[in-house]
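S.K.: Sharing a structure with you now.
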Amino acid sequence: MATLGITDLKVGLGVNIKGNDCVILEAQHVKPGKGNTYVRTKYRNIRTGRVNEENFQQSAKFESVNMRTREMQYLYDDGDIYYFMDMETYEQIEVSNDLIGDNAKWFKENDVCLLQYANDVLYAVQPPMFIEVEITETDPGFKGDTVQGGTKPAVIETGATIQVPMYLNVGERVKVDTRTGKFVSRV
């Protein structure tokens, strides 16, 4: 494992902080007019999921954590457990609902997701950046409902509720950005 200094801390980097494997969420390098340079960080403990904020002085050293990402296909869920398959080896793995969290509302069967590991421990599952889904429930659109900026709530086939333009109706397919939960375009 490589030893890192504060200048190496960047968003997404895996480091060992106080004996815990963590992922850096924010790293702001600060050079005050008086005193030493330090880094203001926000990091997530991989095992507990807890987010902490801490400042590290210039003398701080960290051990790097082996980070890797695997693309796997989402198969199905039974409410508490989500099932994913490696598309090359056909190996299937089970992931608990606790680890998935709010991302569950963006999973559609057969979509390719990113499973993120730190030191061979799964710590996050990311849905695809964009999904194409059908609107299953919304108020009807009327002719002339094309006012720019006008939106209405719509439930999509994954169960999530998003804001869509007024002219869209049930049964239409839309593209959704899963990072923001916003409508992108009609498909």
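Lettering and numbering for the structure tokens are positional, with chains as A, B, ... in the shown order, residues counted from 1 in each chain, and ligands counted from 1 in the shown order.
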Enumerate, as an MDAnalysis selection string, the complete set of residues in chain A that a backbone-based DSSP assignment places in strand (DSSP E).
M.R.: chainID A and resid 3:4 14:17 20:30 38:45 51:57 62:64 67:77 81:85 92:96 112:118 121:126 130:138 151:156 161:165 173:177 182:186
S.K.: Residues at most 7 Å from stretch 157-167 of chain A, counting only C-alpha atoms, excluding those fewer than 3 positions away in the same chain, as JSON, numbers by chain?
M.R.: {"A": [105, 106, 107, 108, 133, 134, 135, 136, 141, 142, 145, 146, 150, 151, 152, 153, 154, 181, 182, 183]}
S.K.: Write down as a VMD selection string the residues of stretch 39-159 of chain A whose backbone DSSP state falls under helix (DSSP H, G or I).
M.R.: chain A and resid 97 to 106
S.K.: Considering only C-alpha atoms, return as a PyMOL selection string whatever protein or nucleic-acid residues lie within 7 Å of stretch 18-34 of chain A, sequence-local ones (same chain, fewer than 4 positions apart) excluded.
M.R.: chain A and resi 9-14+38-46+65
S.K.: Please dump the current selection as an mmCIF file, in the first residue's frame; keep N, CA, C and O atoms.
M.R.:
data_model
loop_
_atom_site.group_PDB
_atom_site.id
_atom_site.type_symbol
_atom_site.label_atom_id
_atom_site.label_comp_id
_atom_site.auth_asym_id
_atom_site.auth_seq_id
_atom_site.Cartn_x
_atom_site.Cartn_y
_atom_site.Cartn_z
ATOM 1 N N LEU A 9 -4.910 13.901 -1.536
ATOM 2 C CA LEU A 9 -6.329 13.673 -1.258
ATOM 3 C C LEU A 9 -7.198 14.313 -2.336
ATOM 4 O O LEU A 9 -7.134 15.507 -2.568
ATOM 5 N N LYS A 10 -8.005 13.473 -2.984
ATOM 6 C CA LYS A 10 -8.911 13.928 -4.032
ATOM 7 C C LYS A 10 -10.233 13.185 -3.898
ATOM 8 O O LYS A 10 -10.300 12.106 -3.317
ATOM 9 N N VAL A 11 -11.292 13.748 -4.461
ATOM 10 C CA VAL A 11 -12.620 13.138 -4.412
ATOM 11 C C VAL A 11 -12.585 11.756 -5.059
ATOM 12 O O VAL A 11 -12.023 11.570 -6.133
ATOM 13 N N GLY A 12 -13.156 10.769 -4.365
ATOM 14 C CA GLY A 12 -13.234 9.402 -4.879
ATOM 15 C C GLY A 12 -12.068 8.519 -4.485
ATOM 16 O O GLY A 12 -12.099 7.311 -4.718
ATOM 17 N N LEU A 13 -11.034 9.088 -3.881
ATOM 18 C CA LEU A 13 -9.860 8.320 -3.483
ATOM 19 C C LEU A 13 -10.162 7.503 -2.228
ATOM 20 O O LEU A 13 -10.842 7.971 -1.320
ATOM 21 N N GLY A 14 -9.666 6.284 -2.174
ATOM 22 C CA GLY A 14 -9.828 5.435 -0.998
ATOM 23 C C GLY A 14 -8.598 5.526 -0.118
ATOM 24 O O GLY A 14 -7.483 5.320 -0.594
ATOM 25 N N TYR A 38 -3.576 23.219 5.256
ATOM 26 C CA TYR A 38 -4.300 22.032 5.700
ATOM 27 C C TYR A 38 -5.356 21.678 4.653
ATOM 28 O O TYR A 38 -5.603 22.428 3.722
ATOM 29 N N VAL A 39 -5.958 20.503 4.821
ATOM 30 C CA VAL A 39 -7.014 20.062 3.911
ATOM 31 C C VAL A 39 -8.285 19.825 4.721
ATOM 32 O O VAL A 39 -8.273 19.115 5.714
ATOM 33 N N ARG A 40 -9.364 20.464 4.276
ATOM 34 C CA ARG A 40 -10.683 20.269 4.891
ATOM 35 C C ARG A 40 -11.346 19.146 4.098
ATOM 36 O O ARG A 40 -11.546 19.272 2.894
ATOM 37 N N THR A 41 -11.680 18.046 4.765
ATOM 38 C CA THR A 41 -12.229 16.886 4.045
ATOM 39 C C THR A 41 -13.580 16.466 4.587
ATOM 40 O O THR A 41 -13.933 16.738 5.736
ATOM 41 N N LYS A 42 -14.307 15.792 3.717
ATOM 42 C CA LYS A 42 -15.517 15.077 4.101
ATOM 43 C C LYS A 42 -15.310 13.686 3.534
ATOM 44 O O LYS A 42 -14.971 13.531 2.364
ATOM 45 N N TYR A 43 -15.459 12.667 4.374
ATOM 46 C CA TYR A 43 -15.218 11.304 3.919
ATOM 47 C C TYR A 43 -16.258 10.355 4.491
ATOM 48 O O TYR A 43 -16.874 10.615 5.512
ATOM 49 N N ARG A 44 -16.477 9.221 3.770
ATOM 50 C CA ARG A 44 -17.435 8.214 4.201
ATOM 51 C C ARG A 44 -16.692 6.969 4.644
ATOM 52 O O ARG A 44 -15.850 6.452 3.914
ATOM 53 N N ASN A 45 -17.009 6.495 5.832
ATOM 54 C CA ASN A 45 -16.474 5.236 6.318
ATOM 55 C C ASN A 45 -17.150 4.121 5.528
ATOM 56 O O ASN A 45 -18.376 4.021 5.493
ATOM 57 N N ILE A 46 -16.370 3.291 4.859
ATOM 58 C CA ILE A 46 -16.912 2.261 3.977
ATOM 59 C C ILE A 46 -17.709 1.214 4.740
ATOM 60 O O ILE A 46 -18.749 0.769 4.280
ATOM 61 N N VAL A 65 -6.149 2.750 -0.175
ATOM 62 C CA VAL A 65 -7.033 1.589 -0.144
ATOM 63 C C VAL A 65 -7.238 1.147 -1.588
ATOM 64 O O VAL A 65 -7.451 1.971 -2.472
#
S.K.: List as a list of chain:residue names the protein and nucleic acid residues near A:Thr178, meaning an atom at most 10 Å away when only C-alpha atoms are counted, but skip any in the same chain fewer than 6 places from it.
M.R.: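 Returned residues: A:Asn103, A:Lys105, A:Trp106, A:Phe107, A:Gln126, A:Pro127, A:Pro128, A:Met129, A:Phe130, A:Ile131.
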S.K.: Need the shell around A:Leu115: protein/DNA/RNA residues with any atom at most 7 Å away, counting only C-alpha atoms. Skip same-chain ones fewer than 4 positions apart. Format as a list in words?
M.R.: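 Answer for this query is Thr69, Arg70, Glu71, Met72, Leu122, Ala124, Val125 and Gln126 of chain A.
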S.K.: Would you mind exporting all heavy atoms of the selected residues as a compact mmCIF listing (two decimals), in the first residue's frame?
M.R.:
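New file again.txt:
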# COMPACT_ATOMS: atom_id res chain seq x y z
N THR A 69 -13.94 -1.17 -9.41
CA THR A 69 -15.34 -1.11 -9.80
C THR A 69 -15.65 -2.27 -10.73
O THR A 69 -14.85 -2.57 -11.61
CB THR A 69 -15.63 0.23 -10.51
OG1 THR A 69 -15.29 1.30 -9.63
CG2 THR A 69 -17.08 0.35 -10.88
N ARG A 70 -16.79 -2.91 -10.52
CA ARG A 70 -17.23 -4.00 -11.40
C ARG A 70 -18.57 -3.64 -12.01
O ARG A 70 -19.46 -3.18 -11.30
CB ARG A 70 -17.41 -5.30 -10.61
CG ARG A 70 -16.14 -5.97 -10.19
CD ARG A 70 -16.41 -7.20 -9.34
NE ARG A 70 -16.98 -8.30 -10.12
CZ ARG A 70 -17.36 -9.45 -9.58
NH1 ARG A 70 -17.25 -9.65 -8.27
NH2 ARG A 70 -17.86 -10.42 -10.32
N GLU A 71 -18.68 -3.87 -13.32
CA GLU A 71 -19.97 -3.71 -13.98
C GLU A 71 -20.74 -5.01 -13.83
O GLU A 71 -20.23 -6.08 -14.16
CB GLU A 71 -19.79 -3.40 -15.46
CG GLU A 71 -19.39 -1.99 -15.74
CD GLU A 71 -19.42 -1.68 -17.23
OE1 GLU A 71 -19.59 -2.60 -18.06
OE2 GLU A 71 -19.28 -0.50 -17.56
N MET A 72 -21.97 -4.90 -13.33
CA MET A 72 -22.80 -6.09 -13.17
C MET A 72 -24.23 -5.76 -13.58
O MET A 72 -24.66 -4.62 -13.46
CB MET A 72 -22.75 -6.61 -11.73
CG MET A 72 -21.37 -7.06 -11.30
SD MET A 72 -21.37 -7.86 -9.72
CE MET A 72 -21.51 -9.55 -10.21
N LEU A 122 -17.55 -4.72 -0.77
CA LEU A 122 -18.53 -3.93 -1.50
C LEU A 122 -19.04 -2.81 -0.61
O LEU A 122 -19.47 -3.05 0.51
CB LEU A 122 -19.69 -4.83 -1.94
CG LEU A 122 -20.81 -4.15 -2.71
CD1 LEU A 122 -20.31 -3.64 -4.06
CD2 LEU A 122 -21.96 -5.13 -2.92
N ALA A 124 -20.69 0.26 -2.27
CA ALA A 124 -21.71 1.06 -2.94
C ALA A 124 -22.13 0.40 -4.24
O ALA A 124 -21.35 -0.30 -4.89
CB ALA A 124 -21.17 2.46 -3.22
N VAL A 125 -23.38 0.65 -4.62
CA VAL A 125 -23.91 0.21 -5.90
C VAL A 125 -24.51 1.43 -6.58
O VAL A 125 -25.39 2.09 -6.02
CB VAL A 125 -24.99 -0.88 -5.72
CG1 VAL A 125 -25.54 -1.31 -7.07
CG2 VAL A 125 -24.43 -2.07 -4.97
N GLN A 126 -23.99 1.74 -7.77
CA GLN A 126 -24.45 2.90 -8.52
C GLN A 126 -25.30 2.46 -9.70
O GLN A 126 -24.89 1.62 -10.47
CB GLN A 126 -23.25 3.71 -9.05
CG GLN A 126 -22.37 4.28 -7.96
CD GLN A 126 -23.09 5.28 -7.10
OE1 GLN A 126 -23.92 6.04 -7.57
NE2 GLN A 126 -22.78 5.27 -5.82
S.K.: Go through A:Met67, A:Tyr117, A:Ile17, A:Asp80 one by one, measure the shortest atom-to-atom distance of each to A:Asn55 using only C-alpha atoms, and give the residue with the smallest value.
M.R.: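 For A:Asn55, the nearest of the candidates is A:Ile17.
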S.K.: In Å, with one decimal, what is the gap from atom CA of A:Glu109 to atom CA of A:Tyr83?
M.R.: 10.0 Å
S.K.: How far is it from atom CA of A:Ile93 to atom CA of A:Asp111, in Å with one decimal?
M.R.: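 A separation of 15.1 Å between them.
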S.K.: Have a look at A:Val15, A:Leu75, A:Val155, A:Val187 and name the one nearest to A:Ala118; count only C-alpha atoms.
M.R.: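 Ranking A:Val15, A:Leu75, A:Val155, A:Val187 by distance to A:Ala118, first place goes to A:Val15.
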S.K.: Taking only C-alpha atoms into account, which of A:Pro140, A:Asp78, A:Gln58, A:Val184 comes nearest A:Gly35?
M.R.: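 Nearest to A:Gly35: A:Gln58.
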S.K.: Quote the spacing between atom CA of A:Ala60 and atom CA of A:Ile6 in Å to one decimal place.
M.R.: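 Here the two named atoms are 6.4 Å from each other.
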